[in-house]
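The data block below is model-v1.cif; it holds mmCIF, N, CA and C atoms; chains and numbers go by the auth columns.
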```cif
data_target
loop_
_atom_site.group_PDB
_atom_site.id
_atom_site.type_symbol
_atom_site.label_atom_id
_atom_site.label_comp_id
_atom_site.label_asym_id
_atom_site.label_seq_id
_atom_site.Cartn_x
_atom_site.Cartn_y
_atom_site.Cartn_z
_atom_site.B_iso_or_equiv
_atom_site.auth_seq_id
_atom_site.auth_asym_id
ATOM 1 N N MET A 1 -17.472 -1.148 8.405 0.00 15 A
ATOM 2 C CA MET A 1 -16.034 -1.105 8.520 0.00 15 A
ATOM 3 C C MET A 1 -15.645 0.337 8.843 0.00 15 A
ATOM 4 N N SER A 2 -14.733 0.479 9.780 0.00 16 A
ATOM 5 C CA SER A 2 -14.364 1.827 10.194 0.00 16 A
ATOM 6 C C SER A 2 -13.437 2.475 9.168 0.00 16 A
ATOM 7 N N ALA A 3 -13.293 3.757 9.292 0.00 17 A
ATOM 8 C CA ALA A 3 -12.452 4.504 8.359 0.00 17 A
ATOM 9 C C ALA A 3 -10.991 4.071 8.474 0.00 17 A
ATOM 10 N N ASN A 4 -10.536 3.786 9.692 0.00 18 A
ATOM 11 C CA ASN A 4 -9.150 3.362 9.870 0.00 18 A
ATOM 12 C C ASN A 4 -8.893 1.998 9.245 0.00 18 A
ATOM 13 N N GLN A 5 -9.863 1.102 9.314 0.00 19 A
ATOM 14 C CA GLN A 5 -9.707 -0.207 8.683 0.00 19 A
ATOM 15 C C GLN A 5 -9.641 -0.067 7.162 0.00 19 A
ATOM 16 N N LYS A 6 -10.471 0.797 6.606 0.00 20 A
ATOM 17 C CA LYS A 6 -10.428 1.047 5.159 0.00 20 A
ATOM 18 C C LYS A 6 -9.083 1.618 4.746 0.00 20 A
ATOM 19 N N ARG A 7 -8.578 2.566 5.536 0.00 21 A
ATOM 20 C CA ARG A 7 -7.289 3.178 5.238 0.00 21 A
ATOM 21 C C ARG A 7 -6.166 2.142 5.331 0.00 21 A
ATOM 22 N N LEU A 8 -6.225 1.267 6.320 0.00 22 A
ATOM 23 C CA LEU A 8 -5.208 0.230 6.486 0.00 22 A
ATOM 24 C C LEU A 8 -5.206 -0.741 5.309 0.00 22 A
ATOM 25 N N ILE A 9 -6.377 -1.124 4.846 0.00 23 A
ATOM 26 C CA ILE A 9 -6.474 -2.016 3.688 0.00 23 A
ATOM 27 C C ILE A 9 -5.905 -1.333 2.440 0.00 23 A
ATOM 28 N N ALA A 10 -6.202 -0.056 2.256 0.00 24 A
ATOM 29 C CA ALA A 10 -5.680 0.675 1.098 0.00 24 A
ATOM 30 C C ALA A 10 -4.156 0.791 1.158 0.00 24 A
ATOM 31 N N PHE A 11 -3.600 1.076 2.347 0.00 25 A
ATOM 32 C CA PHE A 11 -2.151 1.161 2.490 0.00 25 A
ATOM 33 C C PHE A 11 -1.491 -0.189 2.269 0.00 25 A
ATOM 34 N N ALA A 12 -2.095 -1.248 2.781 0.00 26 A
ATOM 35 C CA ALA A 12 -1.536 -2.590 2.584 0.00 26 A
ATOM 36 C C ALA A 12 -1.526 -2.953 1.104 0.00 26 A
ATOM 37 N N PHE A 13 -2.600 -2.649 0.406 0.00 27 A
ATOM 38 C CA PHE A 13 -2.656 -2.899 -1.031 0.00 27 A
ATOM 39 C C PHE A 13 -1.591 -2.094 -1.772 0.00 27 A
ATOM 40 N N CYS A 14 -1.396 -0.851 -1.361 0.00 28 A
ATOM 41 C CA CYS A 14 -0.392 0.009 -1.982 0.00 28 A
ATOM 42 C C CYS A 14 1.009 -0.558 -1.769 0.00 28 A
ATOM 43 N N VAL A 15 1.315 -0.982 -0.562 0.00 29 A
ATOM 44 C CA VAL A 15 2.645 -1.510 -0.261 0.00 29 A
ATOM 45 C C VAL A 15 2.884 -2.823 -1.001 0.00 29 A
ATOM 46 N N LEU A 16 1.904 -3.713 -1.004 0.00 30 A
ATOM 47 C CA LEU A 16 2.071 -4.989 -1.696 0.00 30 A
ATOM 48 C C LEU A 16 2.242 -4.794 -3.201 0.00 30 A
ATOM 49 N N THR A 17 1.483 -3.889 -3.776 0.00 31 A
ATOM 50 C CA THR A 17 1.618 -3.591 -5.199 0.00 31 A
ATOM 51 C C THR A 17 2.997 -3.003 -5.499 0.00 31 A
ATOM 52 N N SER A 18 3.474 -2.136 -4.633 0.00 32 A
ATOM 53 C CA SER A 18 4.796 -1.541 -4.814 0.00 32 A
ATOM 54 C C SER A 18 5.892 -2.600 -4.719 0.00 32 A
ATOM 55 N N LEU A 19 5.744 -3.546 -3.801 0.00 33 A
ATOM 56 C CA LEU A 19 6.731 -4.619 -3.678 0.00 33 A
ATOM 57 C C LEU A 19 6.786 -5.479 -4.933 0.00 33 A
ATOM 58 N N VAL A 20 5.631 -5.816 -5.456 0.00 34 A
ATOM 59 C CA VAL A 20 5.592 -6.637 -6.669 0.00 34 A
ATOM 60 C C VAL A 20 6.209 -5.883 -7.850 0.00 34 A
ATOM 61 N N LEU A 21 5.846 -4.632 -8.018 0.00 35 A
ATOM 62 C CA LEU A 21 6.391 -3.857 -9.137 0.00 35 A
ATOM 63 C C LEU A 21 7.891 -3.590 -8.968 0.00 35 A
ATOM 64 N N GLY A 22 8.353 -3.408 -7.737 0.00 36 A
ATOM 65 C CA GLY A 22 9.780 -3.254 -7.491 0.00 36 A
ATOM 66 C C GLY A 22 10.547 -4.521 -7.818 0.00 36 A
ATOM 67 N N PHE A 23 9.972 -5.679 -7.473 0.00 37 A
ATOM 68 C CA PHE A 23 10.595 -6.959 -7.797 0.00 37 A
ATOM 69 C C PHE A 23 10.684 -7.143 -9.308 0.00 37 A
ATOM 70 N N VAL A 24 9.611 -6.806 -10.003 0.00 38 A
ATOM 71 C CA VAL A 24 9.613 -6.905 -11.468 0.00 38 A
ATOM 72 C C VAL A 24 10.650 -5.946 -12.062 0.00 38 A
ATOM 73 N N SER A 25 10.779 -4.776 -11.493 0.00 39 A
ATOM 74 C CA SER A 25 11.767 -3.817 -11.973 0.00 39 A
ATOM 75 C C SER A 25 13.187 -4.356 -11.795 0.00 39 A
ATOM 76 N N GLY A 26 13.462 -4.955 -10.651 0.00 40 A
ATOM 77 C CA GLY A 26 14.779 -5.541 -10.415 0.00 40 A
ATOM 78 C C GLY A 26 15.067 -6.697 -11.357 0.00 40 A
ATOM 79 N N LEU A 27 14.066 -7.543 -11.572 0.00 41 A
ATOM 80 C CA LEU A 27 14.248 -8.657 -12.511 0.00 41 A
ATOM 81 C C LEU A 27 14.471 -8.159 -13.932 0.00 41 A
ATOM 82 N N THR A 28 13.755 -7.121 -14.317 0.00 42 A
ATOM 83 C CA THR A 28 13.919 -6.558 -15.655 0.00 42 A
ATOM 84 C C THR A 28 15.324 -5.997 -15.833 0.00 42 A
ATOM 85 N N ALA A 29 15.837 -5.330 -14.814 0.00 43 A
ATOM 86 C CA ALA A 29 17.202 -4.805 -14.897 0.00 43 A
ATOM 87 C C ALA A 29 18.207 -5.943 -15.006 0.00 43 A
ATOM 88 N N ALA A 30 17.968 -7.035 -14.275 0.00 44 A
ATOM 89 C CA ALA A 30 18.884 -8.180 -14.337 0.00 44 A
ATOM 90 C C ALA A 30 18.854 -8.834 -15.716 0.00 44 A
ATOM 91 N N VAL A 31 17.674 -8.953 -16.289 0.00 45 A
ATOM 92 C CA VAL A 31 17.555 -9.565 -17.620 0.00 45 A
ATOM 93 C C VAL A 31 18.236 -8.703 -18.679 0.00 45 A
ATOM 94 N N LEU A 32 18.203 -7.398 -18.496 0.00 46 A
ATOM 95 C CA LEU A 32 18.826 -6.496 -19.470 0.00 46 A
ATOM 96 C C LEU A 32 20.336 -6.395 -19.291 0.00 46 A
ATOM 97 N N GLY A 33 20.906 -7.156 -18.346 0.00 47 A
ATOM 98 C CA GLY A 33 22.353 -7.223 -18.228 0.00 47 A
ATOM 99 C C GLY A 33 22.961 -6.374 -17.131 0.00 47 A
ATOM 100 N N ALA A 34 22.188 -5.875 -16.210 0.00 48 A
ATOM 101 C CA ALA A 34 22.739 -5.080 -15.122 0.00 48 A
ATOM 102 C C ALA A 34 23.414 -6.002 -14.106 0.00 48 A
ATOM 103 N N SER A 35 24.354 -5.450 -13.360 0.00 49 A
ATOM 104 C CA SER A 35 25.016 -6.227 -12.316 0.00 49 A
ATOM 105 C C SER A 35 24.024 -6.482 -11.183 0.00 49 A
ATOM 106 N N PRO A 36 24.316 -7.435 -10.304 0.00 50 A
ATOM 107 C CA PRO A 36 23.391 -7.706 -9.186 0.00 50 A
ATOM 108 C C PRO A 36 23.134 -6.483 -8.297 0.00 50 A
ATOM 109 N N LEU A 37 24.174 -5.707 -8.049 0.00 51 A
ATOM 110 C CA LEU A 37 23.995 -4.511 -7.226 0.00 51 A
ATOM 111 C C LEU A 37 23.074 -3.505 -7.914 0.00 51 A
ATOM 112 N N GLU A 38 23.234 -3.334 -9.198 0.00 52 A
ATOM 113 C CA GLU A 38 22.372 -2.409 -9.942 0.00 52 A
ATOM 114 C C GLU A 38 20.936 -2.916 -10.002 0.00 52 A
ATOM 115 N N SER A 39 20.764 -4.231 -10.097 0.00 53 A
ATOM 116 C CA SER A 39 19.417 -4.805 -10.132 0.00 53 A
ATOM 117 C C SER A 39 18.694 -4.595 -8.805 0.00 53 A
ATOM 118 N N VAL A 40 19.411 -4.845 -7.709 0.00 54 A
ATOM 119 C CA VAL A 40 18.810 -4.639 -6.385 0.00 54 A
ATOM 120 C C VAL A 40 18.512 -3.159 -6.159 0.00 54 A
ATOM 121 N N SER A 41 19.415 -2.302 -6.617 0.00 55 A
ATOM 122 C CA SER A 41 19.187 -0.857 -6.477 0.00 55 A
ATOM 123 C C SER A 41 17.969 -0.407 -7.275 0.00 55 A
ATOM 124 N N ALA A 42 17.810 -0.935 -8.470 0.00 56 A
ATOM 125 C CA ALA A 42 16.649 -0.576 -9.295 0.00 56 A
ATOM 126 C C ALA A 42 15.356 -1.052 -8.638 0.00 56 A
ATOM 127 N N GLY A 43 15.358 -2.281 -8.151 0.00 57 A
ATOM 128 C CA GLY A 43 14.155 -2.802 -7.499 0.00 57 A
ATOM 129 C C GLY A 43 13.816 -2.050 -6.222 0.00 57 A
ATOM 130 N N GLY A 44 14.827 -1.785 -5.409 0.00 58 A
ATOM 131 C CA GLY A 44 14.595 -1.045 -4.166 0.00 58 A
ATOM 132 C C GLY A 44 14.145 0.384 -4.406 0.00 58 A
ATOM 133 N N GLY A 45 14.785 1.017 -5.383 0.00 59 A
ATOM 134 C CA GLY A 45 14.390 2.394 -5.709 0.00 59 A
ATOM 135 C C GLY A 45 12.971 2.478 -6.231 0.00 59 A
ATOM 136 N N ALA A 46 12.606 1.511 -7.078 0.00 60 A
ATOM 137 C CA ALA A 46 11.234 1.500 -7.598 0.00 60 A
ATOM 138 C C ALA A 46 10.231 1.244 -6.484 0.00 60 A
ATOM 139 N N THR A 47 10.570 0.341 -5.567 0.00 61 A
ATOM 140 C CA THR A 47 9.667 0.040 -4.456 0.00 61 A
ATOM 141 C C THR A 47 9.452 1.273 -3.578 0.00 61 A
ATOM 142 N N VAL A 48 10.532 1.937 -3.221 0.00 62 A
ATOM 143 C CA VAL A 48 10.422 3.125 -2.356 0.00 62 A
ATOM 144 C C VAL A 48 9.659 4.241 -3.071 0.00 62 A
ATOM 145 N N ALA A 49 9.961 4.454 -4.340 0.00 63 A
ATOM 146 C CA ALA A 49 9.292 5.522 -5.083 0.00 63 A
ATOM 147 C C ALA A 49 7.793 5.246 -5.232 0.00 63 A
ATOM 148 N N LEU A 50 7.446 4.013 -5.586 0.00 64 A
ATOM 149 C CA LEU A 50 6.025 3.688 -5.770 0.00 64 A
ATOM 150 C C LEU A 50 5.258 3.711 -4.451 0.00 64 A
ATOM 151 N N THR A 51 5.900 3.282 -3.375 0.00 65 A
ATOM 152 C CA THR A 51 5.237 3.357 -2.069 0.00 65 A
ATOM 153 C C THR A 51 4.995 4.815 -1.684 0.00 65 A
ATOM 154 N N GLY A 52 5.985 5.657 -1.890 0.00 66 A
ATOM 155 C CA GLY A 52 5.823 7.083 -1.570 0.00 66 A
ATOM 156 C C GLY A 52 4.728 7.745 -2.387 0.00 66 A
ATOM 157 N N ILE A 53 4.683 7.442 -3.671 0.00 67 A
ATOM 158 C CA ILE A 53 3.639 8.012 -4.527 0.00 67 A
ATOM 159 C C ILE A 53 2.265 7.489 -4.116 0.00 67 A
ATOM 160 N N GLY A 54 2.186 6.194 -3.807 0.00 68 A
ATOM 161 C CA GLY A 54 0.906 5.609 -3.398 0.00 68 A
ATOM 162 C C GLY A 54 0.400 6.180 -2.084 0.00 68 A
ATOM 163 N N VAL A 55 1.288 6.335 -1.119 0.00 69 A
ATOM 164 C CA VAL A 55 0.889 6.899 0.178 0.00 69 A
ATOM 165 C C VAL A 55 0.456 8.352 0.011 0.00 69 A
ATOM 166 N N ALA A 56 1.174 9.092 -0.823 0.00 70 A
ATOM 167 C CA ALA A 56 0.788 10.483 -1.070 0.00 70 A
ATOM 168 C C ALA A 56 -0.577 10.566 -1.749 0.00 70 A
ATOM 169 N N ALA A 57 -0.849 9.650 -2.672 0.00 71 A
ATOM 170 C CA ALA A 57 -2.150 9.649 -3.343 0.00 71 A
ATOM 171 C C ALA A 57 -3.261 9.245 -2.378 0.00 71 A
ATOM 172 N N LEU A 58 -2.997 8.269 -1.510 0.00 72 A
ATOM 173 C CA LEU A 58 -4.024 7.851 -0.552 0.00 72 A
ATOM 174 C C LEU A 58 -4.304 8.919 0.497 0.00 72 A
ATOM 175 N N ALA A 59 -3.327 9.757 0.778 0.00 73 A
ATOM 176 C CA ALA A 59 -3.529 10.820 1.763 0.00 73 A
ATOM 177 C C ALA A 59 -4.540 11.855 1.274 0.00 73 A
ATOM 178 N N LEU A 60 -4.773 11.907 -0.023 0.00 74 A
ATOM 179 C CA LEU A 60 -5.724 12.875 -0.571 0.00 74 A
ATOM 180 C C LEU A 60 -7.176 12.464 -0.370 0.00 74 A
ATOM 181 N N PHE A 61 -7.405 11.172 -0.089 0.00 75 A
ATOM 182 C CA PHE A 61 -8.767 10.660 0.028 0.00 75 A
ATOM 183 C C PHE A 61 -9.238 10.689 1.475 0.00 75 A
ATOM 184 N N ASP A 62 -10.527 10.954 1.636 0.00 76 A
ATOM 185 C CA ASP A 62 -11.146 10.938 2.952 0.00 76 A
ATOM 186 C C ASP A 62 -11.906 9.629 3.096 0.00 76 A
ATOM 187 N N PHE A 63 -11.439 8.767 3.975 0.00 77 A
ATOM 188 C CA PHE A 63 -12.086 7.489 4.197 0.00 77 A
ATOM 189 C C PHE A 63 -13.168 7.688 5.252 0.00 77 A
ATOM 190 N N GLY A 64 -14.413 7.421 4.865 0.00 78 A
ATOM 191 C CA GLY A 64 -15.521 7.627 5.776 0.00 78 A
ATOM 192 C C GLY A 64 -15.935 6.343 6.473 0.00 78 A
ATOM 193 N N ASP A 65 -16.597 6.515 7.595 0.00 79 A
ATOM 194 C CA ASP A 65 -17.120 5.389 8.358 0.00 79 A
ATOM 195 C C ASP A 65 -18.531 5.113 7.865 0.00 79 A
ATOM 196 N N ASP A 66 -18.799 3.855 7.467 0.00 80 A
ATOM 197 C CA ASP A 66 -20.124 3.550 6.939 0.00 80 A
ATOM 198 C C ASP A 66 -21.144 3.235 8.034 0.00 80 A
ATOM 199 N N GLY A 67 -20.699 3.184 9.279 0.00 81 A
ATOM 200 C CA GLY A 67 -21.625 3.008 10.388 0.00 81 A
ATOM 201 C C GLY A 67 -21.982 1.580 10.713 0.00 81 A
ATOM 202 N N ARG A 68 -21.545 0.641 9.898 0.00 82 A
ATOM 203 C CA ARG A 68 -21.832 -0.760 10.173 0.00 82 A
ATOM 204 C C ARG A 68 -20.726 -1.341 11.029 0.00 82 A
ATOM 205 N N SER A 69 -21.081 -2.274 11.885 0.00 83 A
ATOM 206 C CA SER A 69 -20.064 -2.942 12.686 0.00 83 A
ATOM 207 C C SER A 69 -19.697 -4.261 12.028 0.00 83 A
ATOM 208 N N ALA A 70 -18.520 -4.732 12.332 0.00 84 A
ATOM 209 C CA ALA A 70 -18.057 -5.997 11.775 0.00 84 A
ATOM 210 C C ALA A 70 -18.838 -7.146 12.405 0.00 84 A
ATOM 211 N N PRO A 71 -18.896 -8.301 11.746 0.00 85 A
ATOM 212 C CA PRO A 71 -19.599 -9.443 12.332 0.00 85 A
ATOM 213 C C PRO A 71 -18.998 -9.823 13.679 0.00 85 A
ATOM 214 N N GLY A 72 -19.854 -10.056 14.633 0.00 86 A
ATOM 215 C CA GLY A 72 -19.394 -10.407 15.962 0.00 86 A
ATOM 216 C C GLY A 72 -19.217 -9.234 16.896 0.00 86 A
ATOM 217 N N GLU A 73 -19.231 -8.022 16.368 0.00 87 A
ATOM 218 C CA GLU A 73 -19.099 -6.837 17.208 0.00 87 A
ATOM 219 C C GLU A 73 -20.473 -6.318 17.596 0.00 87 A
ATOM 220 N N ARG A 74 -20.557 -5.819 18.791 0.00 88 A
ATOM 221 C CA ARG A 74 -21.787 -5.173 19.228 0.00 88 A
ATOM 222 C C ARG A 74 -21.635 -3.685 19.003 0.00 88 A
ATOM 223 N N SER A 75 -22.645 -3.098 18.407 0.00 89 A
ATOM 224 C CA SER A 75 -22.596 -1.659 18.244 0.00 89 A
ATOM 225 C C SER A 75 -23.210 -1.008 19.473 0.00 89 A
ATOM 226 N N VAL A 76 -22.465 -0.124 20.069 0.00 90 A
ATOM 227 C CA VAL A 76 -22.908 0.567 21.274 0.00 90 A
ATOM 228 C C VAL A 76 -23.292 1.978 20.901 0.00 90 A
ATOM 229 N N PRO A 77 -24.514 2.389 21.220 0.00 91 A
ATOM 230 C CA PRO A 77 -24.902 3.765 20.877 0.00 91 A
ATOM 231 C C PRO A 77 -24.099 4.759 21.690 0.00 91 A
ATOM 232 N N VAL A 78 -23.761 5.868 21.045 0.00 92 A
ATOM 233 C CA VAL A 78 -22.982 6.917 21.704 0.00 92 A
ATOM 234 C C VAL A 78 -23.954 7.962 22.208 0.00 92 A
ATOM 235 N N ARG A 79 -23.854 8.265 23.485 0.00 93 A
ATOM 236 C CA ARG A 79 -24.720 9.305 24.074 0.00 93 A
ATOM 237 C C ARG A 79 -23.974 10.613 24.077 0.00 93 A
ATOM 238 N N ARG A 80 -24.685 11.643 23.704 0.00 94 A
ATOM 239 C CA ARG A 80 -24.083 12.975 23.683 0.00 94 A
ATOM 240 C C ARG A 80 -24.842 13.910 24.555 0.00 94 A
#
```

Same coordinates, now as structure tokens:
Amino acid sequence: MSANQKRLIAFAFCVLTSLVLGFVSGLTAAVLGASPLESVSAGGGATVALTGIGVAALALFDFGDDGRSAPGERSVPVRR
């Protein structure tokens, strides 16, 4: 798997996790008696904040290429 594919999977996981936690945050605000606008604001703010923190944390990691090709792909040697 290439480094870009690994990075894409990590970003997708980060975004999906942020969406779920933002939704839970909005629901929690609604259960505690917040107005609908405040609940949506809490959920949206949590989603944006968690996505930003996750992307910043993922930017610190170096995703390496393991050299294997995906099934069905032909690996072509690179001449230098």

Practice task
Would you mind writing down, as a ChimeraX atom specification, each residue of chain A that DSSP on the backbone assigns to helix (DSSP H, G or I)?
Solution key: /A:17-45,50-72

Practice task
Please measure the separation of CA of Val54 in chain A and CA of Ala73 in chain A, giving the value in Å to one decimal.
Solution key: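 Atom-to-atom, CA of Val54 in chain A and CA of Ala73 in chain A are spaced 28.4 Å apart.
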
Exercise for the section: Apply the PyMOL selection byres ((chain A and resi 58-72) around 8) to the displayed file and report the matching residues as a PyMOL selection string. Expected result: chain A and resi 24-25+28-37+39-40+52-57+73-77

Problem - Computed interatomic separation between atom N of Asp79 in chain A and atom N of Leu22 in chain A (Å) - result: 11.7 Å

Practice task
Between atom C of Ile23 in chain A and atom C of Val38 in chain A, measure the distance and give it in Å to one decimal.
Solution key: 22.5 Å
